[in-house]
Structures are given as structure tokens and as C-alpha cells.
Amino acid sequence: MTATSEPLASGLPGRARLRLAALALGLLVPLVLARFLEPDARGYGTHQQFGLPPCTFLTLFGWRCPSCGMTTAWANLVRGRLVTAVEVHLTGTLLALLDLLAAGWLLLVAGRGRWLGWVPNSTAGAWAAGLIGLLMLIEWGLRLLAG
């Protein structure tokens with residue numbers, strides 16, 4: 001989301017509304033793709049169904065990388081298996097839910113032509129990205145400690 005100084009009540013121009021709708025649809029793409037994947041029973045490796053290689057970190061060091069299991073979590077979540085998704089990768093599950101909420105919110109904003117609740121800005125985006133990254137690293141550290 002880009003920084004803006006428009007007040008909540010002001011109307012968004014047509015091009016801005018189209019860009020927001022396109023962004024929302026773009027955010028839905030990974031969720032749709034996840035629906036076409038069968039979650040790997042190991043809890044990671046689902047991304048290989050796209051023709052991608054196995055996790056290089058896992059191959060080289062024998063440890064799952066911080067993002068191992070995210071695709072599997074998304075594939076479980078879109079099937080309504082919330083508990084399994086959380087067990088596979090908590091941060092990945094939260095990211096998928098955030099993706100779904102952001103897409104829905106952006107579609108509402110685009111449809112109504114005005115911001116709802118708050119106006120996104122680069123500071124909020126940086127904080128969100130930082131918190132997600134921190135949570136992912138904490139989760140990874142806990143997985144490494146657990147063995």
C-alpha cells in the first residue's frame with residue numbers, strides 16, 4: 001500500500017479505485033493457487049508441486065528454513081483446516097489470513113471509493129512487515145530448539 005495524505009472521507013479518483021481493485025485481486029492469487037495444491041503430509045514441500053526445487057536450506061543443512069511450511073499452511077487454510085495450518089506454520093497461517101483480510105478490505109475501499117477505517121501509509125506497512133518477519137524468526141527459533 002502506498003503512502004497517502006487523503007482524509008478518510010474524501011473520494012478516491014477512478015484510477016486509484018482501479019489500482020486498489022487490481023491490488024486486491026493480486027492478493028487473492030496466492031490463495032487461489034493454494035487451493036490447487038495438495039498439502040504435503042510432512043508439513044513442508046508443498047511448493048514443489050509448482051515445479052520448484054526442495055528447500056535449499058534443508059538440503060544443505062538438514063534444518064527447515066524460516067519459511068518452510070508456509071505454502072503447506074496456506075494450502076491447509078484454504079481447505080478450512082485452520083488447526084493443521086497453524087500446526088504447520090503459524091506465521092504462514094497469519095500471513096494468509098492477513099492477505100485475505102487485506103484483499104477484502106481493498107475491494108470494499110475500491111467499491112465505495114473512499115478509505116474505510118484508516119488510510120494506509122508506508123510506516124504501517126514497514127511495521128507490519130517487520131512484525132511478520134520477527135514472528136517468523138521467533139517461530140523458526142522455537143522449531144530449532146524443539147528439534
# chains A, B, ... in the order shown; residues from 1 in each chain; ligands from 1
call {"tool": "closest_atom_pairs", "arguments": {"of": "stretch 86-115 of chain A", "to": "stretch 122-128 of chain A", "cutoff": "12 Å", "atoms": "only C-alpha atoms", "output": "Markdown table"}}
result
| residue | atom | partner | partner_atom | distance |
| --- | --- | --- | --- | --- |
| A:Leu94 | CA | A:Ala128 | CA | 11.7 |
| A:Leu95 | CA | A:Ala128 | CA | 10.3 |
| A:Leu98 | CA | A:Ala128 | CA | 10.1 |
| A:Asp99 | CA | A:Ala128 | CA | 12.0 |
| A:Ala102 | CA | A:Gly125 | CA | 11.8 |
call {"tool": "residues_around", "arguments": {"residues": "A:Arg64", "least_positions_apart": "6", "cutoff": "10 Å", "atoms": "only C-alpha atoms", "output": "mmCIF file with all heavy atoms, in the first residue's frame"}}
result
data_model
loop_
_atom_site.group_PDB
_atom_site.id
_atom_site.type_symbol
_atom_site.label_atom_id
_atom_site.label_comp_id
_atom_site.auth_asym_id
_atom_site.auth_seq_id
_atom_site.Cartn_x
_atom_site.Cartn_y
_atom_site.Cartn_z
ATOM 1 N N TYR A 44 5.778 -29.557 4.967
ATOM 2 C CA TYR A 44 6.593 -28.682 4.123
ATOM 3 C C TYR A 44 6.772 -29.387 2.773
ATOM 4 O O TYR A 44 6.476 -30.576 2.634
ATOM 5 C CB TYR A 44 7.961 -28.380 4.754
ATOM 6 C CG TYR A 44 8.815 -29.607 4.975
ATOM 7 C CD1 TYR A 44 9.703 -30.036 3.996
ATOM 8 C CD2 TYR A 44 8.729 -30.343 6.143
ATOM 9 C CE1 TYR A 44 10.475 -31.172 4.175
ATOM 10 C CE2 TYR A 44 9.486 -31.470 6.334
ATOM 11 C CZ TYR A 44 10.371 -31.889 5.356
ATOM 12 O OH TYR A 44 11.126 -33.013 5.538
ATOM 13 N N CYS A 55 13.649 -27.224 -0.573
ATOM 14 C CA CYS A 55 14.275 -26.137 0.173
ATOM 15 C C CYS A 55 15.795 -26.334 0.196
ATOM 16 O O CYS A 55 16.291 -27.361 0.655
ATOM 17 C CB CYS A 55 13.732 -26.103 1.599
ATOM 18 S SG CYS A 55 14.553 -24.904 2.667
ATOM 19 N N THR A 56 16.512 -25.352 -0.305
ATOM 20 C CA THR A 56 17.971 -25.413 -0.347
ATOM 21 C C THR A 56 18.558 -25.453 1.062
ATOM 22 O O THR A 56 19.511 -26.189 1.328
ATOM 23 C CB THR A 56 18.537 -24.197 -1.114
ATOM 24 O OG1 THR A 56 17.970 -24.198 -2.421
ATOM 25 C CG2 THR A 56 20.040 -24.254 -1.204
ATOM 26 N N PHE A 57 17.996 -24.689 1.965
ATOM 27 C CA PHE A 57 18.474 -24.657 3.348
ATOM 28 C C PHE A 57 18.362 -26.046 3.971
ATOM 29 O O PHE A 57 19.303 -26.535 4.611
ATOM 30 C CB PHE A 57 17.663 -23.637 4.145
ATOM 31 C CG PHE A 57 18.286 -23.226 5.440
ATOM 32 C CD1 PHE A 57 19.158 -22.153 5.490
ATOM 33 C CD2 PHE A 57 18.002 -23.893 6.613
ATOM 34 C CE1 PHE A 57 19.738 -21.763 6.692
ATOM 35 C CE2 PHE A 57 18.570 -23.510 7.817
ATOM 36 C CZ PHE A 57 19.446 -22.442 7.850
ATOM 37 N N LEU A 58 17.225 -26.702 3.766
ATOM 38 C CA LEU A 58 17.000 -28.044 4.297
ATOM 39 C C LEU A 58 17.961 -29.039 3.658
ATOM 40 O O LEU A 58 18.535 -29.893 4.338
ATOM 41 C CB LEU A 58 15.546 -28.463 4.066
ATOM 42 C CG LEU A 58 15.127 -29.835 4.581
ATOM 43 C CD1 LEU A 58 15.276 -29.911 6.094
ATOM 44 C CD2 LEU A 58 13.678 -30.122 4.188
ATOM 45 N N TRP A 140 10.750 -19.886 13.934
ATOM 46 C CA TRP A 140 11.839 -20.714 13.440
ATOM 47 C C TRP A 140 12.776 -21.105 14.578
ATOM 48 O O TRP A 140 13.171 -22.268 14.709
ATOM 49 C CB TRP A 140 12.582 -19.978 12.335
ATOM 50 C CG TRP A 140 13.674 -20.741 11.669
ATOM 51 C CD1 TRP A 140 13.578 -21.983 11.090
ATOM 52 C CD2 TRP A 140 15.029 -20.322 11.489
ATOM 53 N NE1 TRP A 140 14.788 -22.346 10.554
ATOM 54 C CE2 TRP A 140 15.697 -21.351 10.791
ATOM 55 C CE3 TRP A 140 15.731 -19.182 11.835
ATOM 56 C CZ2 TRP A 140 17.041 -21.272 10.433
ATOM 57 C CZ3 TRP A 140 17.074 -19.092 11.475
ATOM 58 C CH2 TRP A 140 17.704 -20.128 10.792
ATOM 59 N N ARG A 143 11.231 -23.746 16.635
ATOM 60 C CA ARG A 143 11.273 -25.046 15.931
ATOM 61 C C ARG A 143 12.661 -25.671 16.049
ATOM 62 O O ARG A 143 12.782 -26.874 16.239
ATOM 63 C CB ARG A 143 10.903 -24.885 14.469
ATOM 64 C CG ARG A 143 9.438 -24.647 14.220
ATOM 65 C CD ARG A 143 9.160 -24.560 12.706
ATOM 66 N NE ARG A 143 7.831 -24.089 12.468
ATOM 67 C CZ ARG A 143 6.749 -24.866 12.473
ATOM 68 N NH1 ARG A 143 6.869 -26.136 12.698
ATOM 69 N NH2 ARG A 143 5.557 -24.341 12.252
ATOM 70 N N LEU A 144 13.698 -24.843 15.912
ATOM 71 C CA LEU A 144 15.066 -25.364 16.031
ATOM 72 C C LEU A 144 15.336 -25.872 17.440
ATOM 73 O O LEU A 144 15.965 -26.928 17.623
ATOM 74 C CB LEU A 144 16.082 -24.279 15.658
ATOM 75 C CG LEU A 144 16.128 -23.866 14.178
ATOM 76 C CD1 LEU A 144 17.115 -22.730 13.990
ATOM 77 C CD2 LEU A 144 16.477 -25.049 13.293
#
call {"tool": "atom_distance", "arguments": {"atom1": "atom CA of A:Leu28", "atom2": "atom CA of A:Leu97"}}
result
10.9 Å
call {"tool": "residues_around", "arguments": {"residues": "A:Thr46", "least_positions_apart": "3", "cutoff": "12 Å", "atoms": "only C-alpha atoms", "output": "number ranges by chain"}}
result
A: 33-43, 49-55, 67-76, 88
call {"tool": "decode", "arguments": {"residues": "stretch 14-137 of chain A", "atoms": "C-alpha atoms", "output": "mmCIF file, in the first residue's frame"}}
result
data_model
loop_
_atom_site.group_PDB
_atom_site.id
_atom_site.type_symbol
_atom_site.label_atom_id
_atom_site.label_comp_id
_atom_site.auth_asym_id
_atom_site.auth_seq_id
_atom_site.Cartn_x
_atom_site.Cartn_y
_atom_site.Cartn_z
ATOM 1 C CA GLY A 14 -11.349 6.325 -10.587
ATOM 2 C CA ARG A 15 -7.787 5.274 -11.409
ATOM 3 C CA ALA A 16 -6.938 4.852 -7.736
ATOM 4 C CA ARG A 17 -10.008 2.694 -7.271
ATOM 5 C CA LEU A 18 -8.992 0.522 -10.223
ATOM 6 C CA ARG A 19 -5.460 0.158 -8.850
ATOM 7 C CA LEU A 20 -6.815 -0.842 -5.442
ATOM 8 C CA ALA A 21 -9.154 -3.396 -7.022
ATOM 9 C CA ALA A 22 -6.250 -4.798 -9.070
ATOM 10 C CA LEU A 23 -4.108 -4.999 -5.931
ATOM 11 C CA ALA A 24 -6.901 -6.811 -4.104
ATOM 12 C CA LEU A 25 -7.263 -9.321 -6.922
ATOM 13 C CA GLY A 26 -3.493 -9.772 -6.938
ATOM 14 C CA LEU A 27 -3.599 -10.556 -3.226
ATOM 15 C CA LEU A 28 -6.189 -13.253 -3.891
ATOM 16 C CA VAL A 29 -3.996 -15.042 -6.464
ATOM 17 C CA PRO A 30 -1.822 -16.920 -3.919
ATOM 18 C CA LEU A 31 -4.935 -18.069 -2.068
ATOM 19 C CA VAL A 32 -6.464 -19.374 -5.291
ATOM 20 C CA LEU A 33 -3.200 -21.090 -6.234
ATOM 21 C CA ALA A 34 -3.011 -22.671 -2.775
ATOM 22 C CA ARG A 35 -6.398 -24.260 -3.426
ATOM 23 C CA PHE A 36 -4.924 -26.174 -6.364
ATOM 24 C CA LEU A 37 -2.154 -27.654 -4.217
ATOM 25 C CA GLU A 38 -2.420 -30.782 -2.108
ATOM 26 C CA PRO A 39 -0.827 -30.072 1.293
ATOM 27 C CA ASP A 40 2.269 -32.226 1.804
ATOM 28 C CA ALA A 41 1.833 -34.594 4.740
ATOM 29 C CA ARG A 42 5.352 -33.754 6.006
ATOM 30 C CA GLY A 43 4.230 -30.177 6.725
ATOM 31 C CA TYR A 44 6.593 -28.682 4.123
ATOM 32 C CA GLY A 45 7.466 -29.230 0.462
ATOM 33 C CA THR A 46 4.061 -28.359 -0.990
ATOM 34 C CA HIS A 47 5.727 -25.657 -3.134
ATOM 35 C CA GLN A 48 7.398 -28.428 -5.170
ATOM 36 C CA GLN A 49 4.056 -29.027 -6.903
ATOM 37 C CA PHE A 50 4.810 -25.800 -8.789
ATOM 38 C CA GLY A 51 7.973 -27.413 -10.150
ATOM 39 C CA LEU A 52 10.192 -25.613 -7.652
ATOM 40 C CA PRO A 53 13.154 -27.433 -6.071
ATOM 41 C CA PRO A 54 13.221 -28.657 -2.479
ATOM 42 C CA CYS A 55 14.275 -26.137 0.173
ATOM 43 C CA THR A 56 17.971 -25.413 -0.347
ATOM 44 C CA PHE A 57 18.474 -24.657 3.348
ATOM 45 C CA LEU A 58 17.000 -28.044 4.297
ATOM 46 C CA THR A 59 19.062 -29.815 1.654
ATOM 47 C CA LEU A 60 22.337 -28.168 2.707
ATOM 48 C CA PHE A 61 21.967 -28.041 6.490
ATOM 49 C CA GLY A 62 19.253 -30.559 7.377
ATOM 50 C CA TRP A 63 17.147 -27.875 9.067
ATOM 51 C CA ARG A 64 13.944 -26.370 7.802
ATOM 52 C CA CYS A 65 14.324 -22.718 6.799
ATOM 53 C CA PRO A 66 12.174 -19.983 8.407
ATOM 54 C CA SER A 67 9.600 -20.194 5.606
ATOM 55 C CA CYS A 68 9.438 -23.991 5.297
ATOM 56 C CA GLY A 69 5.800 -24.974 5.609
ATOM 57 C CA MET A 70 4.237 -21.658 4.587
ATOM 58 C CA THR A 71 2.838 -22.953 1.309
ATOM 59 C CA THR A 72 1.569 -26.047 3.111
ATOM 60 C CA ALA A 73 -0.097 -23.844 5.734
ATOM 61 C CA TRP A 74 -1.826 -21.802 3.006
ATOM 62 C CA ALA A 75 -2.983 -24.986 1.253
ATOM 63 C CA ASN A 76 -4.463 -26.254 4.525
ATOM 64 C CA LEU A 77 -6.056 -22.925 5.385
ATOM 65 C CA VAL A 78 -7.929 -22.590 2.085
ATOM 66 C CA ARG A 79 -9.379 -26.049 2.778
ATOM 67 C CA GLY A 80 -10.686 -24.879 6.152
ATOM 68 C CA ARG A 81 -8.083 -26.827 8.152
ATOM 69 C CA LEU A 82 -7.139 -23.947 10.441
ATOM 70 C CA VAL A 83 -5.654 -26.051 13.246
ATOM 71 C CA THR A 84 -3.483 -28.031 10.820
ATOM 72 C CA ALA A 85 -2.385 -24.821 9.110
ATOM 73 C CA VAL A 86 -1.341 -23.311 12.458
ATOM 74 C CA GLU A 87 0.492 -26.504 13.434
ATOM 75 C CA VAL A 88 2.396 -26.486 10.133
ATOM 76 C CA HIS A 89 3.367 -22.787 10.195
ATOM 77 C CA LEU A 90 1.748 -20.230 12.487
ATOM 78 C CA THR A 91 3.264 -17.205 10.757
ATOM 79 C CA GLY A 92 2.290 -18.540 7.327
ATOM 80 C CA THR A 93 -1.272 -19.003 8.521
ATOM 81 C CA LEU A 94 -1.395 -15.469 9.939
ATOM 82 C CA LEU A 95 0.045 -14.125 6.692
ATOM 83 C CA ALA A 96 -2.624 -15.946 4.668
ATOM 84 C CA LEU A 97 -5.370 -14.561 6.910
ATOM 85 C CA LEU A 98 -3.884 -11.068 6.640
ATOM 86 C CA ASP A 99 -3.778 -11.488 2.866
ATOM 87 C CA LEU A 100 -7.454 -12.434 2.787
ATOM 88 C CA LEU A 101 -8.464 -9.560 5.067
ATOM 89 C CA ALA A 102 -6.402 -7.035 3.106
ATOM 90 C CA ALA A 103 -7.889 -8.196 -0.197
ATOM 91 C CA GLY A 104 -11.432 -7.925 1.138
ATOM 92 C CA TRP A 105 -10.772 -4.512 2.666
ATOM 93 C CA LEU A 106 -9.204 -3.194 -0.543
ATOM 94 C CA LEU A 107 -12.179 -4.429 -2.585
ATOM 95 C CA LEU A 108 -14.514 -2.593 -0.208
ATOM 96 C CA VAL A 109 -12.434 0.580 -0.471
ATOM 97 C CA ALA A 110 -12.336 0.333 -4.261
ATOM 98 C CA GLY A 111 -16.078 -0.311 -4.427
ATOM 99 C CA ARG A 112 -17.055 2.505 -2.075
ATOM 100 C CA GLY A 113 -14.483 4.929 -3.420
ATOM 101 C CA ARG A 114 -13.196 6.055 -0.044
ATOM 102 C CA TRP A 115 -10.933 4.746 2.681
ATOM 103 C CA LEU A 116 -12.590 2.699 5.407
ATOM 104 C CA GLY A 117 -11.227 2.924 8.936
ATOM 105 C CA TRP A 118 -7.757 4.256 8.140
ATOM 106 C CA VAL A 119 -5.544 5.453 5.344
ATOM 107 C CA PRO A 120 -2.603 3.115 4.695
ATOM 108 C CA ASN A 121 0.873 4.566 4.882
ATOM 109 C CA SER A 122 4.439 3.374 4.477
ATOM 110 C CA THR A 123 5.104 3.436 8.227
ATOM 111 C CA ALA A 124 2.277 0.993 8.938
ATOM 112 C CA GLY A 125 3.463 -1.229 6.091
ATOM 113 C CA ALA A 126 7.024 -1.245 7.416
ATOM 114 C CA TRP A 127 5.829 -2.119 10.927
ATOM 115 C CA ALA A 128 3.617 -4.927 9.613
ATOM 116 C CA ALA A 129 6.443 -6.390 7.504
ATOM 117 C CA GLY A 130 8.863 -6.122 10.422
ATOM 118 C CA LEU A 131 6.472 -7.805 12.843
ATOM 119 C CA ILE A 132 5.746 -10.629 10.414
ATOM 120 C CA GLY A 133 9.476 -11.139 9.844
ATOM 121 C CA LEU A 134 10.165 -11.111 13.589
ATOM 122 C CA LEU A 135 7.353 -13.573 14.283
ATOM 123 C CA MET A 136 8.670 -15.859 11.539
ATOM 124 C CA LEU A 137 12.178 -15.800 13.057
#
